[in-house]
>>> print(open('protein-v1.cif').read())   # mmCIF, C-alpha atoms and all ligand atoms
data_run
#
loop_
_atom_site.label_atom_id
_atom_site.label_comp_id
_atom_site.auth_asym_id
_atom_site.auth_seq_id
_atom_site.Cartn_x
_atom_site.Cartn_y
_atom_site.Cartn_z
CA MET A 1 -0.17 34.06 -32.57
CA ALA A 2 3.11 32.79 -33.86
CA LYS A 3 5.14 30.25 -32.01
CA PHE A 4 8.75 31.34 -31.71
CA HIS A 5 11.54 28.84 -32.04
CA VAL A 6 14.97 30.13 -31.04
CA ALA A 7 16.96 27.73 -33.07
CA PRO A 8 16.35 24.36 -34.61
CA GLY A 9 17.08 21.62 -32.13
CA LEU A 10 17.55 23.99 -29.16
CA GLU A 11 14.53 22.75 -27.23
CA GLN A 12 15.79 19.21 -27.61
CA ARG A 13 19.24 20.22 -26.38
CA LEU A 14 17.68 22.08 -23.45
CA ALA A 15 15.68 18.99 -22.56
CA GLN A 16 18.91 16.95 -22.52
CA MET A 17 20.53 19.63 -20.31
CA ILE A 18 17.80 19.74 -17.68
CA ALA A 19 17.24 15.97 -17.55
CA PRO A 20 19.64 15.52 -14.60
CA GLN A 21 17.82 18.21 -12.59
CA VAL A 22 14.46 16.62 -13.33
CA HIS A 23 15.95 13.31 -12.22
CA ASP A 24 17.08 14.94 -8.94
CA ILE A 25 13.57 16.27 -8.31
CA ALA A 26 12.13 12.81 -8.92
CA ARG A 27 14.62 11.27 -6.50
CA GLY A 28 13.46 13.82 -3.94
CA VAL A 29 9.91 12.58 -4.45
CA GLU A 30 11.17 9.01 -4.05
CA ARG A 31 12.88 9.82 -0.73
CA GLU A 32 9.78 11.58 0.58
CA ALA A 33 7.47 8.76 -0.57
CA LYS A 34 9.66 6.21 1.24
CA ARG A 35 9.39 8.29 4.40
CA LEU A 36 5.59 8.63 4.11
CA ALA A 37 4.74 5.11 2.94
CA PRO A 38 2.88 3.10 5.58
CA PRO A 39 4.50 -0.04 6.96
CA THR A 40 3.05 -3.40 6.08
CA LYS A 41 1.76 -5.90 8.63
CA ARG A 42 2.11 -9.66 8.54
CA TRP A 43 -0.31 -12.09 10.16
CA ILE A 44 1.50 -14.59 12.39
CA THR A 45 -0.66 -17.60 13.24
CA VAL A 46 -0.39 -19.00 16.73
CA PRO A 47 -2.22 -22.34 16.77
CA ASP A 48 -4.51 -22.82 19.76
CA GLN A 49 -6.48 -25.66 21.23
CA HIS A 50 -9.73 -24.19 19.85
CA HIS A 51 -8.50 -24.61 16.29
CA HIS A 52 -9.18 -21.78 13.96
CA PRO A 53 -8.37 -23.58 10.72
CA THR A 54 -9.14 -20.28 9.02
CA HIS A 55 -6.10 -18.76 10.70
CA ILE A 56 -3.72 -21.49 9.56
CA GLY A 57 -4.26 -20.32 5.99
CA ALA A 58 -3.69 -16.71 6.99
CA ASN A 59 -0.18 -17.30 8.32
CA GLY A 60 2.25 -14.98 6.59
CA GLN A 61 -0.41 -12.88 4.88
CA GLU A 62 1.02 -9.37 4.40
CA ARG A 63 -1.00 -6.20 3.85
CA PRO A 64 -0.28 -2.45 4.03
CA ALA A 65 -1.04 -1.14 7.53
CA ASN A 66 -4.12 0.83 6.42
CA LEU A 67 -5.77 -2.24 4.86
CA ARG A 68 -7.46 -5.32 6.31
CA PHE A 69 -6.40 -8.94 6.35
CA GLU A 70 -8.62 -11.34 4.42
CA ILE A 71 -9.48 -14.34 6.54
CA ASN A 72 -11.77 -17.17 5.49
CA SER A 73 -15.04 -16.86 7.39
CA MET A 74 -16.27 -19.45 9.85
CA ASP A 75 -19.67 -21.06 9.30
CA TRP A 76 -21.08 -19.71 12.57
CA ASP A 77 -20.23 -16.13 11.60
CA MET A 78 -21.77 -16.58 8.16
CA ARG A 79 -24.98 -18.01 9.64
CA HIS A 80 -25.35 -15.70 12.63
CA ARG A 81 -23.43 -12.56 11.73
CA GLY A 82 -24.30 -12.28 8.06
CA LEU A 83 -20.68 -12.41 6.93
CA GLY A 84 -19.71 -13.48 3.43
CA PRO A 85 -17.03 -16.06 2.68
CA VAL A 86 -14.25 -13.64 3.68
CA THR A 87 -13.84 -11.84 7.01
CA TYR A 88 -11.90 -8.57 6.84
CA MET A 89 -9.79 -7.92 9.94
CA ASN A 90 -7.46 -5.05 10.74
CA ALA A 91 -5.68 -7.36 13.16
CA PRO A 92 -6.31 -10.64 15.01
CA ARG A 93 -9.41 -10.41 17.28
CA ASP A 94 -10.70 -7.36 15.37
CA GLU A 95 -14.30 -6.89 16.51
CA THR A 96 -14.96 -4.36 13.75
CA SER A 97 -14.83 -7.35 11.36
CA ARG A 98 -18.19 -8.36 12.95
CA ALA A 99 -16.89 -11.89 13.43
CA VAL A 100 -17.48 -13.69 16.73
CA ALA A 101 -16.44 -17.31 16.21
CA ASN A 102 -13.46 -16.31 14.10
CA ILE A 103 -11.94 -14.10 16.79
CA LYS A 104 -12.82 -16.06 19.93
CA ASN A 105 -9.75 -17.39 21.78
CA CYS A 106 -7.50 -16.34 18.93
CA ARG A 107 -3.88 -15.93 19.96
CA CYS A 108 -2.49 -14.85 16.61
CA ARG A 109 -0.41 -11.69 16.35
CA THR A 110 1.00 -9.38 13.73
CA GLN A 111 4.49 -8.30 12.83
CA SER A 112 5.13 -4.82 11.45
CA ILE A 113 7.46 -4.40 8.48
CA PRO A 114 8.49 -0.73 8.41
CA ASP A 115 9.81 -0.72 4.83
CA GLY A 116 7.20 -3.13 3.47
CA ILE A 117 6.14 -0.60 0.85
CA ALA A 118 9.12 1.78 0.88
CA ARG A 119 11.46 -0.93 -0.40
CA ASN A 120 9.37 -1.13 -3.58
CA ILE A 121 9.58 2.58 -4.45
CA SER A 122 12.15 3.59 -7.05
CA THR A 123 12.98 6.28 -9.60
CA GLN A 124 13.44 5.35 -13.25
CA PRO A 125 16.10 7.02 -15.44
CA PRO A 126 15.01 10.18 -17.28
CA VAL A 127 13.57 9.71 -20.76
CA VAL A 128 13.98 12.61 -23.19
CA THR A 129 11.44 12.64 -26.02
CA GLY A 130 11.86 15.65 -28.27
CA SER A 131 11.67 18.65 -25.92
CA THR A 132 10.03 16.72 -23.06
CA VAL A 133 11.79 15.15 -20.08
CA THR A 134 9.91 12.40 -18.26
CA VAL A 135 11.01 10.77 -15.02
CA LYS A 136 8.79 8.25 -13.29
CA VAL A 137 8.78 7.46 -9.60
CA VAL A 138 7.22 4.04 -9.35
CA VAL A 139 5.97 1.81 -6.58
CA GLN A 140 5.51 -1.83 -7.45
CA GLY A 141 3.94 -4.67 -5.55
CA ASP A 142 0.64 -5.98 -4.29
CA TYR A 143 -1.85 -3.53 -2.75
CA VAL A 144 0.33 -0.44 -3.33
CA VAL A 145 -2.58 1.35 -5.01
CA GLU A 146 -4.99 0.52 -2.19
CA ALA A 147 -2.33 1.67 0.27
CA GLU A 148 -2.35 5.02 -1.53
CA VAL A 149 -6.08 5.62 -2.07
CA GLY A 150 -7.76 3.21 0.36
CA THR A 151 -10.55 0.78 -0.43
CA VAL A 152 -14.00 -0.33 0.63
CA TYR A 153 -14.67 -3.94 1.65
CA PRO A 154 -17.97 -5.79 1.54
CA GLY A 155 -20.14 -4.80 4.48
CA ASN A 156 -19.12 -1.17 3.94
CA LEU A 157 -15.89 -1.51 5.89
CA THR A 158 -13.66 1.29 4.70
CA ALA A 159 -9.88 1.49 4.69
CA PRO A 160 -8.59 5.06 4.50
CA GLY A 161 -5.95 5.98 1.96
CA THR A 162 -2.53 7.17 3.12
CA PHE A 163 -1.71 9.15 -0.08
CA TYR A 164 2.04 8.71 0.43
CA MET A 165 2.81 9.31 -3.27
CA ALA A 166 0.55 12.35 -3.63
CA ARG A 167 1.87 13.83 -0.37
CA ALA A 168 5.48 13.19 -1.44
CA ALA A 169 4.96 15.04 -4.72
CA ALA A 170 3.21 17.91 -2.92
CA ALA A 171 5.99 18.17 -0.32
CA VAL A 172 8.72 18.36 -2.97
CA ALA A 173 6.72 20.87 -5.03
CA ALA A 174 6.23 23.07 -1.94
CA ARG A 175 9.99 23.16 -1.31
CA ARG A 176 10.80 24.57 -4.76
ZN ZN B 201 -5.84 -16.82 15.50
#
>>> encode(input="protein-v1.cif", output="C-alpha cells", more="lines below")
Ligand SMILES: [Zn+2]
Amino acid sequence: MAKFHVAPGLEQRLAQMIAPQVHDIARGVEREAKRLAPPTKRWITVPDQHHHPTHIGANGQERPANLRFEINSMDWDMRHRGLGPVTYMNAPRDETSRAVANIKNCRCRTQSIPDGIARNISTQPPVVTGSTVTVKVVVQGDYVVEAEVGTVYPGNLTAPGTFYMARAAAAVAARR
C-alpha cells in the first residue's frame, strides 16, 4: 500500500484552511457544555444557639451540585455513628450523611450559583501542527472533574457524575 500525497505542503495548507471550522465546532461544544454544566452550591452558615462550630468553618464552601459538602465531624457522631473526621453532606441537615449531632438544630442553608462551573469553560485557539488541527475546550477550577464523572466518599456514599463535557461533545457530534 502506497500513501498518496497530492502535493508537498498541501495537507498543511488544508489544515490551516479548516482550522476556523474546527474552532467553530469546538465553540459549539463549549456552548453546549455551559448549558449542561451543573450549578454549584455554597454553604451559608447561620449561627444558632446550639453552636455547631463545625458549621462556622463551612461557611462559604462551594461544591458542584452533584457533590457533597465536607464538614468537620462532631465527636458524638464519630463515637456513636462511626463517622470519620469528615462528614459528607449534600446539604445542611442531610440525614444521608449519617450524622445526628452535626445536623440537629442546624439552620444553615445553601445558595445556588447557576454558572458556578459554566463560567470556567472556555475554548482555546486552534493549534495547527503539520496536517493536524487541535482545538481544546477546557474547564478549569476545583472539583470540575468530579462534577463530570462523580466520586465515592468514605462510607460508600456515591456522587453521580453529570458528564456535561461528554454529553456536550456527543450533542455537537450528533448535529453534524
Ligand atoms: Zn448549621
>>> residues_around(input="protein-v1.cif", residues="Ser73 (chain A)", least_positions_apart="5", cutoff="12 Å", atoms="only C-alpha atoms", output="MDAnalysis selection string")
chainID A and resid 52:55 57:58 78:89 97:103
>>> residues_near_ligand(input="protein-v1.cif", ligand="ligand ZN 201 (chain B)", cutoff="12 Å", atoms="all atoms listed in the file", output="PDB file with C-alpha atoms, keeping the file's coordinate frame")
ATOM      1  CA  TRP A  43      -0.310 -12.090  10.160  1.00  0.00           C
ATOM      2  CA  ILE A  44       1.500 -14.590  12.390  1.00  0.00           C
ATOM      3  CA  THR A  45      -0.660 -17.600  13.240  1.00  0.00           C
ATOM      4  CA  VAL A  46      -0.390 -19.000  16.730  1.00  0.00           C
ATOM      5  CA  PRO A  47      -2.220 -22.340  16.770  1.00  0.00           C
ATOM      6  CA  ASP A  48      -4.510 -22.820  19.760  1.00  0.00           C
ATOM      7  CA  GLN A  49      -6.480 -25.660  21.230  1.00  0.00           C
ATOM      8  CA  HIS A  50      -9.730 -24.190  19.850  1.00  0.00           C
ATOM      9  CA  HIS A  51      -8.500 -24.610  16.290  1.00  0.00           C
ATOM     10  CA  HIS A  52      -9.180 -21.780  13.960  1.00  0.00           C
ATOM     11  CA  PRO A  53      -8.370 -23.580  10.720  1.00  0.00           C
ATOM     12  CA  THR A  54      -9.140 -20.280   9.020  1.00  0.00           C
ATOM     13  CA  HIS A  55      -6.100 -18.760  10.700  1.00  0.00           C
ATOM     14  CA  ILE A  56      -3.720 -21.490   9.560  1.00  0.00           C
ATOM     15  CA  GLY A  57      -4.260 -20.320   5.990  1.00  0.00           C
ATOM     16  CA  ALA A  58      -3.690 -16.710   6.990  1.00  0.00           C
ATOM     17  CA  ASN A  59      -0.180 -17.300   8.320  1.00  0.00           C
ATOM     18  CA  ILE A  71      -9.480 -14.340   6.540  1.00  0.00           C
ATOM     19  CA  ASN A  72     -11.770 -17.170   5.490  1.00  0.00           C
ATOM     20  CA  MET A  89      -9.790  -7.920   9.940  1.00  0.00           C
ATOM     21  CA  ALA A  91      -5.680  -7.360  13.160  1.00  0.00           C
ATOM     22  CA  PRO A  92      -6.310 -10.640  15.010  1.00  0.00           C
ATOM     23  CA  ARG A  93      -9.410 -10.410  17.280  1.00  0.00           C
ATOM     24  CA  ASP A  94     -10.700  -7.360  15.370  1.00  0.00           C
ATOM     25  CA  ALA A 101     -16.440 -17.310  16.210  1.00  0.00           C
ATOM     26  CA  ASN A 102     -13.460 -16.310  14.100  1.00  0.00           C
ATOM     27  CA  ILE A 103     -11.940 -14.100  16.790  1.00  0.00           C
ATOM     28  CA  LYS A 104     -12.820 -16.060  19.930  1.00  0.00           C
ATOM     29  CA  ASN A 105      -9.750 -17.390  21.780  1.00  0.00           C
ATOM     30  CA  CYS A 106      -7.500 -16.340  18.930  1.00  0.00           C
ATOM     31  CA  ARG A 107      -3.880 -15.930  19.960  1.00  0.00           C
ATOM     32  CA  CYS A 108      -2.490 -14.850  16.610  1.00  0.00           C
ATOM     33  CA  ARG A 109      -0.410 -11.690  16.350  1.00  0.00           C
ATOM     34  CA  THR A 110       1.000  -9.380  13.730  1.00  0.00           C
TER      35      THR A 110
END
>>> closest_residue(input="protein-v1.cif", among="A:Ile121, A:Val133, A:Ala65, A:Ala170", to="Pro38 (chain A)", atoms="all atoms listed in the file")
A:Ala65
>>> atom_distance(input="protein-v1.cif", atom1="CA of Ala169 (chain A)", atom2="CA of Gly150 (chain A)")
18.1 Å
>>> atom_distance(input="protein-v1.cif", atom1="CA of Ala147 (chain A)", atom2="CA of Ala37 (chain A)")
8.3 Å
>>> atom_distance(input="protein-v1.cif", atom1="CA of Pro64 (chain A)", atom2="CA of Lys41 (chain A)")
6.1 Å
>>> closest_residue(input="protein-v1.cif", among="A:Pro125, A:Ala159, A:Gln111, A:Val152", to="Asp24 (chain A)", atoms="only C-alpha atoms")
A:Pro125
>>> residues_around(input="protein-v1.cif", residues="Glu32 (chain A)", least_positions_apart="5", cutoff="8 Å", atoms="only C-alpha atoms", output="compact mmCIF listing (two decimals) with C-alpha atoms, keeping the file's coordinate frame")
# COMPACT_ATOMS: atom_id res chain seq x y z
CA ALA A 168 5.48 13.19 -1.44
CA ALA A 169 4.96 15.04 -4.72
CA ALA A 171 5.99 18.17 -0.32
CA VAL A 172 8.72 18.36 -2.97
>>> residues_around(input="protein-v1.cif", residues="Pro160 (chain A)", least_positions_apart="2", cutoff="12 Å", atoms="all atoms listed in the file", output="ChimeraX atom specification")
/A:38,64-68,90,145-153,157-158,162-164
>>> closest_residue(input="protein-v1.cif", among="A:Thr40, A:Thr134, A:Asn120, A:Gln61", to="Ile18 (chain A)", atoms="only C-alpha atoms")
A:Thr134
>>> residues_near_point(input="protein-v1.cif", point="(8.5, 11.1, 1.5)", cutoff="6 Å", atoms="only C-alpha atoms", output="compact mmCIF listing (two decimals) with C-alpha atoms, keeping the file's coordinate frame")
# COMPACT_ATOMS: atom_id res chain seq x y z
CA ARG A 31 12.88 9.82 -0.73
CA GLU A 32 9.78 11.58 0.58
CA ALA A 33 7.47 8.76 -0.57
CA LYS A 34 9.66 6.21 1.24
CA ARG A 35 9.39 8.29 4.40
CA LEU A 36 5.59 8.63 4.11
CA ALA A 168 5.48 13.19 -1.44
>>> closest_residue(input="protein-v1.cif", among="A:Thr123, A:Lys3, A:Gly161, A:Thr132", to="Val29 (chain A)", atoms="all atoms listed in the file")
A:Thr123
